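Text of work02.txt, listed as compact mmCIF, C-alpha atoms:
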# COMPACT_ATOMS: atom_id res chain seq x y z
CA MET G 1489 106.40 35.32 -98.87
CA THR G 1490 108.52 37.77 -100.88
CA PHE G 1491 107.14 40.80 -102.68
CA SER G 1492 106.12 40.57 -106.32
CA GLU G 1493 108.20 42.34 -108.96
CA LEU G 1494 105.14 43.88 -110.60
CA PRO G 1495 105.05 47.72 -110.58
CA ILE G 1496 102.05 47.77 -108.25
CA SER G 1497 101.80 49.35 -104.80
CA CYS G 1498 99.09 48.44 -102.32
CA TYR G 1499 97.65 50.74 -99.70
CA ILE G 1500 95.48 49.65 -96.79
CA ARG G 1501 93.67 51.80 -94.23
CA THR G 1502 93.80 50.31 -90.75
CA LEU G 1503 92.48 50.80 -87.24
CA ASN G 1504 92.95 47.87 -84.86
CA GLU G 1505 92.99 45.27 -87.64
CA GLU G 1506 95.14 42.56 -86.08
CA ARG G 1507 92.41 39.98 -86.83
CA MET G 1508 93.33 39.69 -90.51
CA ILE G 1509 96.06 42.16 -91.45
CA GLY G 1510 98.79 39.52 -91.66
CA GLU G 1511 96.80 37.36 -94.08
CA VAL G 1512 95.79 40.42 -96.12
CA ILE G 1513 99.37 41.65 -96.52
CA SER G 1514 100.73 38.21 -97.36
CA ALA G 1515 98.10 37.76 -100.08
CA ALA G 1516 98.69 41.24 -101.53
CA LYS G 1517 102.42 40.52 -101.87
CA LYS G 1518 101.55 38.05 -104.66
CA ILE G 1519 101.13 41.02 -107.01
CA CYS G 1520 102.50 44.06 -105.15
CA SER G 1521 106.09 45.24 -104.84
CA GLU G 1522 105.17 47.62 -102.01
CA ILE G 1523 102.62 47.61 -99.18
CA ILE G 1524 101.60 50.89 -97.56
CA ILE G 1525 99.65 50.92 -94.29
CA ILE G 1526 97.82 54.13 -93.40
CA ASP G 1527 97.06 53.55 -89.74
CA SER G 1528 94.60 55.60 -87.68
CA LEU G 1529 96.46 55.18 -84.37
CA SER G 1530 95.81 51.49 -83.71
CA ILE G 1531 96.34 50.26 -80.15
CA ASP G 1532 96.49 46.53 -80.98
CA LYS G 1533 99.18 44.58 -82.90
CA THR G 1534 98.27 45.90 -86.34
CA LYS G 1535 101.43 47.95 -86.83
CA SER G 1536 103.87 45.36 -85.49
CA ILE G 1537 102.36 42.62 -87.67
CA ALA G 1538 102.52 44.87 -90.74
CA LEU G 1539 106.13 45.85 -90.10
CA SER G 1540 107.16 42.22 -89.58
CA LEU G 1541 105.83 41.44 -93.08
CA GLY G 1542 107.77 44.26 -94.73
CA ALA G 1543 105.00 46.83 -95.04
CA ASN G 1544 105.65 50.55 -94.63
CA VAL G 1545 103.47 52.00 -91.88
CA PHE G 1546 102.38 55.64 -91.76
CA GLU G 1547 100.33 57.01 -88.90
CA GLN G 1548 97.49 59.29 -89.92
CA PRO G 1549 94.56 60.24 -87.66
CA TRP G 1550 91.29 59.59 -89.46
CA LEU G 1551 90.45 62.20 -92.11
CA GLY G 1552 87.44 60.50 -93.68
CA ASN G 1553 87.08 57.68 -96.21
CA GLY G 1554 88.23 59.37 -99.39
CA PHE G 1555 90.77 61.67 -97.75
CA GLN G 1556 92.41 58.74 -95.97
CA LYS G 1557 92.78 56.86 -99.24
CA ARG G 1558 94.32 59.95 -100.82
CA VAL G 1559 97.05 59.76 -98.17
CA GLY G 1560 97.63 56.15 -99.19
CA GLU G 1561 97.88 57.09 -102.87
CA GLU G 1562 100.43 59.77 -102.14
CA GLN G 1563 102.69 57.40 -100.22
CA CYS G 1564 102.77 54.81 -103.04
CA LYS G 1565 105.84 54.91 -105.27
CA ASN G 1566 104.18 53.13 -108.22
CA ASP G 1567 101.51 54.62 -110.48
CA TRP G 1568 99.53 51.38 -110.41
CA VAL G 1569 97.98 50.94 -106.99
CA LEU G 1570 95.80 48.32 -105.34
CA ASP G 1571 93.26 49.72 -102.89
CA ILE G 1572 92.10 47.05 -100.45
CA ASP G 1573 90.52 47.01 -97.03
CA ALA G 1574 92.14 45.28 -94.07
CA ASP G 1575 89.82 42.28 -94.52
CA GLU G 1576 90.10 41.71 -98.29
CA ILE G 1577 92.17 38.80 -99.61
CA VAL G 1578 93.82 38.62 -103.04
CA THR G 1579 93.13 35.13 -104.36
CA ASP G 1580 95.61 33.06 -106.37
CA GLU G 1581 93.26 33.28 -109.36
CA MET G 1582 93.08 37.07 -109.14
CA ALA G 1583 96.87 37.31 -108.81
CA LEU G 1584 97.44 35.18 -111.93
CA GLU G 1585 94.92 37.19 -113.93
CA ILE G 1586 96.57 40.48 -112.98
CA LYS G 1587 100.05 39.13 -113.80
CA ASN G 1588 98.78 38.22 -117.27
CA HIS G 1589 97.53 41.78 -117.79
CA PHE G 1590 101.04 43.09 -116.96
CA ASN G 1591 102.92 40.60 -119.14
CA ASN G 1592 103.53 43.18 -121.85
CA GLY G 1593 104.04 46.20 -119.63
CA SER G 1594 101.48 48.64 -118.27
CA PRO G 1595 97.90 47.60 -119.21
CA ASN G 1596 95.94 49.69 -121.69
CA ALA G 1597 93.39 50.76 -119.08
CA VAL G 1598 93.09 53.18 -116.21
CA GLY G 1599 91.73 50.56 -113.82
CA PHE G 1600 90.12 47.19 -113.27
CA LEU G 1601 86.63 46.56 -111.94
CA THR G 1602 87.11 43.85 -109.34
CA PRO G 1603 84.57 41.36 -107.92
CA ILE G 1604 84.33 41.29 -104.13
CA ILE G 1605 83.04 37.99 -102.80
CA THR G 1606 81.57 37.86 -99.31
CA VAL G 1607 82.86 35.07 -97.08
CA PRO G 1608 80.28 34.41 -94.34
CA PRO G 1609 81.31 33.25 -90.84
CA PHE G 1610 80.38 29.70 -91.86
CA GLY G 1611 79.71 27.93 -95.13
CA LYS G 1612 81.15 28.57 -98.57
CA PRO G 1613 81.95 32.01 -100.05
CA TRP G 1614 79.05 33.61 -101.92
CA TYR G 1615 80.60 33.43 -105.38
CA ASN G 1616 77.37 33.61 -107.35
CA PHE G 1617 75.26 36.15 -105.46
CA SER G 1618 75.45 39.32 -103.40
CA ARG G 1619 78.72 40.26 -105.09
CA ALA G 1620 80.00 43.81 -105.16
CA HIS G 1621 82.20 45.26 -107.92
CA ARG G 1622 84.66 48.06 -107.26
CA VAL G 1623 87.67 49.58 -109.04
CA LYS G 1624 90.37 48.24 -106.77
CA LEU G 1625 93.40 48.27 -109.09
CA TYR G 1626 93.99 51.52 -110.95
CA ASN G 1627 96.57 53.93 -112.31
CA LYS G 1628 96.73 56.88 -109.92
CA SER G 1629 98.38 59.04 -112.58
CA LYS G 1630 95.13 58.78 -114.55
CA ILE G 1631 92.39 58.68 -111.89
CA ARG G 1632 92.28 59.47 -108.19
CA ILE G 1633 90.03 58.52 -105.29
CA PRO G 1634 87.52 61.33 -104.56
CA ALA G 1635 88.76 63.83 -101.99
CA HIS G 1636 85.71 63.38 -99.81
CA LYS G 1637 84.93 62.58 -96.20
CA ALA G 1638 82.53 59.75 -97.04
CA TRP G 1639 82.83 58.74 -100.72
CA ASP G 1640 85.85 56.63 -101.63
CA GLN G 1641 84.83 54.98 -104.92
CA PHE G 1642 85.17 56.01 -108.54
CA LYS G 1643 82.54 57.03 -111.01
CA THR G 1644 83.58 54.87 -113.94
CA ASN G 1645 81.42 56.44 -116.67
CA ASN G 1646 83.30 56.96 -119.94
CA LEU G 1647 86.58 55.63 -118.52
CA PRO G 1648 88.63 52.82 -120.11
CA ILE G 1649 87.98 50.38 -117.27
CA LYS G 1650 88.53 46.65 -117.74
CA SER G 1651 86.92 43.93 -115.66
CA LEU G 1652 88.59 41.12 -113.75
CA LYS G 1653 86.91 37.73 -113.71
CA ASN G 1654 88.49 36.79 -110.39
CA GLY G 1655 88.38 38.94 -107.30
CA LEU G 1656 88.86 39.50 -103.61
CA LEU G 1657 87.56 37.31 -100.83
CA HIS G 1658 85.90 39.43 -98.15
CA PRO G 1659 85.37 37.87 -94.70
CA SER G 1660 84.14 41.21 -93.39
CA PHE G 1661 82.33 40.06 -90.24
CA THR G 1662 82.57 37.27 -87.71
CA GLY G 1663 78.89 37.26 -86.76
CA ILE G 1664 75.67 39.23 -86.74
CA HIS G 1665 76.94 41.43 -83.88
CA MET G 1666 79.85 42.69 -86.01
CA HIS G 1667 77.61 43.08 -89.05
CA LEU G 1668 75.19 45.29 -87.11
CA ASP G 1669 78.00 47.28 -85.50
CA LYS G 1670 79.44 48.14 -88.93
CA LEU G 1671 76.01 49.09 -90.26
CA ASN G 1672 75.37 51.33 -87.27
CA LYS G 1673 78.67 53.21 -87.71
CA TYR G 1674 78.22 53.53 -91.48
CA SER G 1675 74.66 54.83 -91.18
CA THR G 1676 75.81 57.48 -88.70
CA MET G 1677 78.53 58.68 -91.08
CA LEU G 1678 76.11 58.93 -94.02
CA ALA G 1679 73.36 60.57 -91.98
CA ASN G 1680 75.72 63.32 -90.88
CA LEU G 1681 76.64 64.32 -94.42
CA PRO G 1682 74.92 67.33 -96.00
CA ASN G 1683 71.44 66.23 -97.04
CA ASN G 1684 69.25 67.59 -99.85
CA LYS G 1685 66.25 65.32 -99.23
CA SER G 1686 63.03 67.00 -98.16
CA TYR G 1687 61.44 66.47 -94.78
CA LEU G 1688 58.55 64.64 -96.47
CA GLU G 1689 60.82 62.23 -98.33
CA ILE G 1690 62.73 61.25 -95.19
CA PHE G 1691 59.49 61.04 -93.21
CA LEU G 1692 58.08 58.58 -95.77
CA ARG G 1693 61.29 56.55 -95.84
CA VAL G 1694 61.11 56.11 -92.06
CA TRP G 1695 57.52 54.86 -92.31
CA ILE G 1696 57.63 52.63 -95.39
CA GLY G 1697 61.28 52.17 -96.44
CA LEU G 1698 62.22 49.16 -94.32
CA PRO G 1699 60.32 46.42 -96.23
CA PHE G 1700 61.59 47.73 -99.57
CA TYR G 1701 65.19 47.62 -98.33
CA PHE G 1702 64.65 44.02 -97.27
CA ILE G 1703 63.12 43.05 -100.61
CA HIS G 1704 66.06 44.59 -102.47
CA LYS G 1705 68.64 42.72 -100.40
CA TYR G 1706 66.86 39.38 -100.09
CA PHE G 1707 65.42 38.97 -103.57
CA LEU G 1708 67.23 41.33 -105.95
CA ARG G 1709 70.67 40.81 -104.43
CA GLY G 1710 70.09 37.07 -104.17
CA MET G 1711 70.47 36.62 -100.42
CA LEU G 1712 67.63 34.10 -100.44
CA ARG G 1713 70.22 31.66 -101.77
CA ALA G 1714 72.04 31.80 -98.42
CA GLY G 1715 69.20 30.13 -96.54
CA THR G 1716 68.32 31.08 -92.99
CA TYR G 1717 71.47 33.13 -92.52
CA GLY G 1718 70.79 35.05 -95.72
CA PHE G 1719 67.33 35.88 -94.41
CA ALA G 1720 68.81 37.11 -91.10
CA LEU G 1721 71.50 39.20 -92.79
CA SER G 1722 68.95 40.70 -95.19
CA ILE G 1723 66.93 41.88 -92.20
CA SER G 1724 70.00 43.37 -90.52
CA SER G 1725 71.13 45.04 -93.78
CA ALA G 1726 67.67 46.53 -94.32
CA PHE G 1727 67.66 47.72 -90.73
CA GLY G 1728 71.08 49.34 -91.19
CA ARG G 1729 69.86 51.16 -94.31
CA TRP G 1730 66.72 52.26 -92.46
CA LEU G 1731 68.84 53.57 -89.57
CA LYS G 1732 70.31 56.14 -91.94
CA ASP G 1733 66.79 57.45 -92.61
CA VAL G 1734 65.96 57.61 -88.90
CA LYS G 1735 69.19 59.43 -88.11
CA GLN G 1736 68.58 61.90 -90.93
CA PHE G 1737 65.08 62.43 -89.56
CA GLU G 1738 66.52 63.11 -86.10
CA ASN G 1739 68.94 65.65 -87.56
CA LEU G 1740 66.17 67.44 -89.45
CA VAL G 1741 63.95 67.67 -86.36
CA LYS G 1742 66.83 68.96 -84.22
CA ASN G 1743 67.75 71.58 -86.82
CA ARG G 1744 64.12 72.73 -87.06
CA LYS G 1745 64.06 73.40 -83.34
CA LYS G 1746 67.16 75.59 -83.42
Mind turning this structure into structure tokens?
Amino acid sequence: MTFSELPISCYIRTLNEERMIGEVISAAKKICSEIIIIDSLSIDKTKSIALSLGANVFEQPWLGNGFQKRVGEEQCKNDWVLDIDADEIVTDEMALEIKNHFNNGSPNAVGFLTPIITVPPFGKPWYNFSRAHRVKLYNKSKIRIPAHKAWDQFKTNNLPIKSLKNGLLHPSFTGIHMHLDKLNKYSTMLANLPNNKSYLEIFLRVWIGLPFYFIHKYFLRGMLRAGTYGFALSISSAFGRWLKDVKQFENLVKNRKK
């Protein structure tokens, strides 16, 4: 597949992403004239696959979520950039919608709020529940990713942000083992950030937070519509959120003893 002629660059952070990187790049080329890979020293076939598909690969040891994306922004030649993960797929419907926005030149917006649709290991994508929305396509001359170790999303208050109807497919995990592994790593990163919560608040979260996290995921986020697997993933998601509390509690206790 050839690159699009739209003035859009895409940047993707990678670390051992051979599982999907070829499909991700090929899909992004529907709307992007340039693909930038910011690779954190992969030891699998990620780089060779990316190069074979015409992407430009830059090696950058991991700096943190926001800082790593900043590197991607700086390597992009176009002002309009698409920020996707190495497991997010641009759909045909999303590509057509974006092309329509660029029909008359640069869109009158600084970015587009994009739906992210989870694709479970089996069954149909979750189009109508548990969807996330992120600013994935934006003009880097107008807004930039936060320069932060953990945070890598925009605060969109009071910004001329438009919304896309069609979005990215996100087959982010192959099973419960991968889901839990991601949650464990993410909770560790968040727990190690500077924390302004009191000892009492974290103590209470450890004791009573878990069922509330489950209720939020299962009922409010609509995971009950995914049947037995939705129930299982809601438990693992709640557990992952609760792990952050436990790890923060551990850090507070350790610091008290110093």
* **Option closest in space to Leu1668 (chain G), from G:Gln1736, G:Ser1540, G:Thr1534, G:Ser1722 [counting only C-alpha atoms]** =>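 Selected residue with least distance to Leu1668 (chain G): G:Ser1722.
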* So what do you get for CA of His1704 (chain G) versus CA of Lys1653 (chain G), distance-wise? ->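 The value is 24.7 Å.
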* Rank G:Asp1669, G:Asp1575, G:Asp1733, G:Glu1493 by their smallest atom-to-atom distance to Lys1587 (chain G), using all atoms listed in the file, and report the top residue only. =>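 Ranking G:Asp1669, G:Asp1575, G:Asp1733, G:Glu1493 by distance to Lys1587 (chain G), first place goes to G:Glu1493.
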For region 1641-1657 of chain G, take all atoms listed in the file, fit an axis-aligned box around them, add 5 Å to each of the six sides, then output centre and edge lengths in Å rounded to one decimal, as AutoDock Vina command-line options.
--center_x 85.1 --center_y 46.9 --center_z -110.5 --size_x 17.4 --size_y 30.2 --size_z 29.3
* Go through G:Gly1697, G:Gly1560, G:Pro1648, G:Gly1599 and flag the residue nearest Asp1573 (chain G), using only C-alpha atoms for the distances. => G:Gly1560
* Asked: What gap, in Å, lies between CA of Thr1662 (chain G) and CA of Phe1491 (chain G)?
  ->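 So the two atoms, CA of Thr1662 (chain G) and CA of Phe1491 (chain G), lie 29.0 Å apart.
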* Pick from G:Val1545, G:Leu1503, G:Ile1513, G:Leu1681: nearest to Asp1532 (chain G), with all atoms listed in the file counted? ->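 Distance minimum relative to Asp1532 (chain G) lands on G:Leu1503.
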* How many Å lie between CA of Asp1527 (chain G) and CA of Trp1639 (chain G), rounded to one decimal? ->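 Distance reported for this atom pair: 18.7 Å.
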Per residue of region 1576-1673 of chain G within 10 Å of region 1724-1731 of chain G, what are the shortest atom pair and its distance in Å to one decimal, counting all atoms listed in the file, with rows by chain and residue number, as CSV?
residue,atom,partner,partner_atom,distance
G:Ile1664,CA,G:Ser1724,CA,8.0
G:His1665,CA,G:Ser1724,CA,9.8
G:His1667,CA,G:Ser1724,CA,7.8
G:Leu1668,CA,G:Ser1724,CA,6.5
G:Asp1669,CA,G:Gly1728,CA,9.2
G:Lys1670,CA,G:Gly1728,CA,8.7
G:Leu1671,CA,G:Gly1728,CA,5.0
G:Asn1672,CA,G:Gly1728,CA,6.1
G:Lys1673,CA,G:Gly1728,CA,9.2
* Residue with smallest distance to Phe1546 (chain G) - pool G:Arg1501, G:His1621, G:Lys1742, G:Lys1637, counting only C-alpha atoms ->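 For Phe1546 (chain G), the nearest of the candidates is G:Arg1501.
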N, CA and C atoms are needed for region 1630-1659 of chain G; please write them out as an mmCIF file, in the frame of the given file.
data_model
loop_
_atom_site.group_PDB
_atom_site.id
_atom_site.type_symbol
_atom_site.label_atom_id
_atom_site.label_comp_id
_atom_site.auth_asym_id
_atom_site.auth_seq_id
_atom_site.Cartn_x
_atom_site.Cartn_y
_atom_site.Cartn_z
ATOM 1 N N LYS G 1630 96.257 58.538 -113.654
ATOM 2 C CA LYS G 1630 95.130 58.780 -114.550
ATOM 3 C C LYS G 1630 93.835 59.099 -113.802
ATOM 4 N N ILE G 1631 93.595 58.434 -112.686
ATOM 5 C CA ILE G 1631 92.390 58.680 -111.890
ATOM 6 C C ILE G 1631 92.771 58.647 -110.408
ATOM 7 N N ARG G 1632 92.009 59.403 -109.625
ATOM 8 C CA ARG G 1632 92.280 59.470 -108.190
ATOM 9 C C ARG G 1632 90.986 59.211 -107.415
ATOM 10 N N ILE G 1633 91.158 58.686 -106.206
ATOM 11 C CA ILE G 1633 90.030 58.520 -105.290
ATOM 12 C C ILE G 1633 89.433 59.898 -104.998
ATOM 13 N N PRO G 1634 88.109 60.016 -104.888
ATOM 14 C CA PRO G 1634 87.520 61.330 -104.560
ATOM 15 C C PRO G 1634 88.046 61.880 -103.238
ATOM 16 N N ALA G 1635 88.360 63.158 -103.234
ATOM 17 C CA ALA G 1635 88.760 63.830 -101.990
ATOM 18 C C ALA G 1635 87.489 64.191 -101.237
ATOM 19 N N HIS G 1636 87.008 63.236 -100.452
ATOM 20 C CA HIS G 1636 85.710 63.380 -99.810
ATOM 21 C C HIS G 1636 85.734 62.664 -98.464
ATOM 22 N N LYS G 1637 84.962 63.177 -97.533
ATOM 23 C CA LYS G 1637 84.930 62.580 -96.200
ATOM 24 C C LYS G 1637 84.268 61.213 -96.199
ATOM 25 N N ALA G 1638 83.251 61.016 -97.034
ATOM 26 C CA ALA G 1638 82.530 59.750 -97.040
ATOM 27 C C ALA G 1638 82.815 58.912 -98.280
ATOM 28 N N TRP G 1639 82.745 59.522 -99.490
ATOM 29 C CA TRP G 1639 82.830 58.740 -100.720
ATOM 30 C C TRP G 1639 84.273 58.375 -101.029
ATOM 31 N N ASP G 1640 84.491 57.099 -101.326
ATOM 32 C CA ASP G 1640 85.850 56.630 -101.630
ATOM 33 C C ASP G 1640 85.851 55.649 -102.794
ATOM 34 N N GLN G 1641 84.905 55.822 -103.731
ATOM 35 C CA GLN G 1641 84.830 54.980 -104.920
ATOM 36 C C GLN G 1641 84.766 55.865 -106.155
ATOM 37 N N PHE G 1642 85.136 55.267 -107.289
ATOM 38 C CA PHE G 1642 85.170 56.010 -108.540
ATOM 39 C C PHE G 1642 83.825 56.004 -109.244
ATOM 40 N N LYS G 1643 83.571 57.055 -109.991
ATOM 41 C CA LYS G 1643 82.540 57.030 -111.010
ATOM 42 C C LYS G 1643 83.224 56.619 -112.307
ATOM 43 N N THR G 1644 82.837 55.470 -112.833
ATOM 44 C CA THR G 1644 83.580 54.870 -113.940
ATOM 45 C C THR G 1644 82.993 55.192 -115.317
ATOM 46 N N ASN G 1645 82.019 56.097 -115.384
ATOM 47 C CA ASN G 1645 81.420 56.440 -116.670
ATOM 48 C C ASN G 1645 82.461 56.998 -117.630
ATOM 49 N N ASN G 1646 82.448 56.453 -118.863
ATOM 50 C CA ASN G 1646 83.300 56.960 -119.940
ATOM 51 C C ASN G 1646 84.795 56.812 -119.662
ATOM 52 N N LEU G 1647 85.172 55.893 -118.787
ATOM 53 C CA LEU G 1647 86.580 55.630 -118.520
ATOM 54 C C LEU G 1647 86.958 54.268 -119.083
ATOM 55 N N PRO G 1648 88.191 54.131 -119.601
ATOM 56 C CA PRO G 1648 88.630 52.820 -120.110
ATOM 57 C C PRO G 1648 88.933 51.861 -118.958
ATOM 58 N N ILE G 1649 87.876 51.307 -118.396
ATOM 59 C CA ILE G 1649 87.980 50.380 -117.270
ATOM 60 C C ILE G 1649 87.781 48.952 -117.777
ATOM 61 N N LYS G 1650 88.681 48.060 -117.425
ATOM 62 C CA LYS G 1650 88.530 46.650 -117.740
ATOM 63 C C LYS G 1650 87.976 45.911 -116.526
ATOM 64 N N SER G 1651 87.503 44.710 -116.749
ATOM 65 C CA SER G 1651 86.920 43.930 -115.660
ATOM 66 C C SER G 1651 87.755 42.675 -115.410
ATOM 67 N N LEU G 1652 87.949 42.373 -114.141
ATOM 68 C CA LEU G 1652 88.590 41.120 -113.750
ATOM 69 C C LEU G 1652 87.517 40.055 -113.558
ATOM 70 N N LYS G 1653 87.823 38.841 -113.949
ATOM 71 C CA LYS G 1653 86.910 37.730 -113.710
ATOM 72 C C LYS G 1653 87.022 37.232 -112.275
ATOM 73 N N ASN G 1654 88.227 37.285 -111.740
ATOM 74 C CA ASN G 1654 88.490 36.790 -110.390
ATOM 75 C C ASN G 1654 88.721 37.968 -109.453
ATOM 76 N N GLY G 1655 88.323 37.795 -108.190
ATOM 77 C CA GLY G 1655 88.380 38.940 -107.300
ATOM 78 C C GLY G 1655 88.861 38.649 -105.903
ATOM 79 N N LEU G 1656 88.447 39.519 -105.007
ATOM 80 C CA LEU G 1656 88.860 39.500 -103.610
ATOM 81 C C LEU G 1656 87.874 38.701 -102.762
ATOM 82 N N LEU G 1657 88.397 37.927 -101.841
ATOM 83 C CA LEU G 1657 87.560 37.310 -100.830
ATOM 84 C C LEU G 1657 87.408 38.283 -99.666
ATOM 85 N N HIS G 1658 86.189 38.385 -99.135
ATOM 86 C CA HIS G 1658 85.900 39.430 -98.150
ATOM 87 C C HIS G 1658 85.193 38.861 -96.922
ATOM 88 N N PRO G 1659 85.961 38.313 -95.971
ATOM 89 C CA PRO G 1659 85.370 37.870 -94.700
ATOM 90 C C PRO G 1659 85.215 39.060 -93.749
#
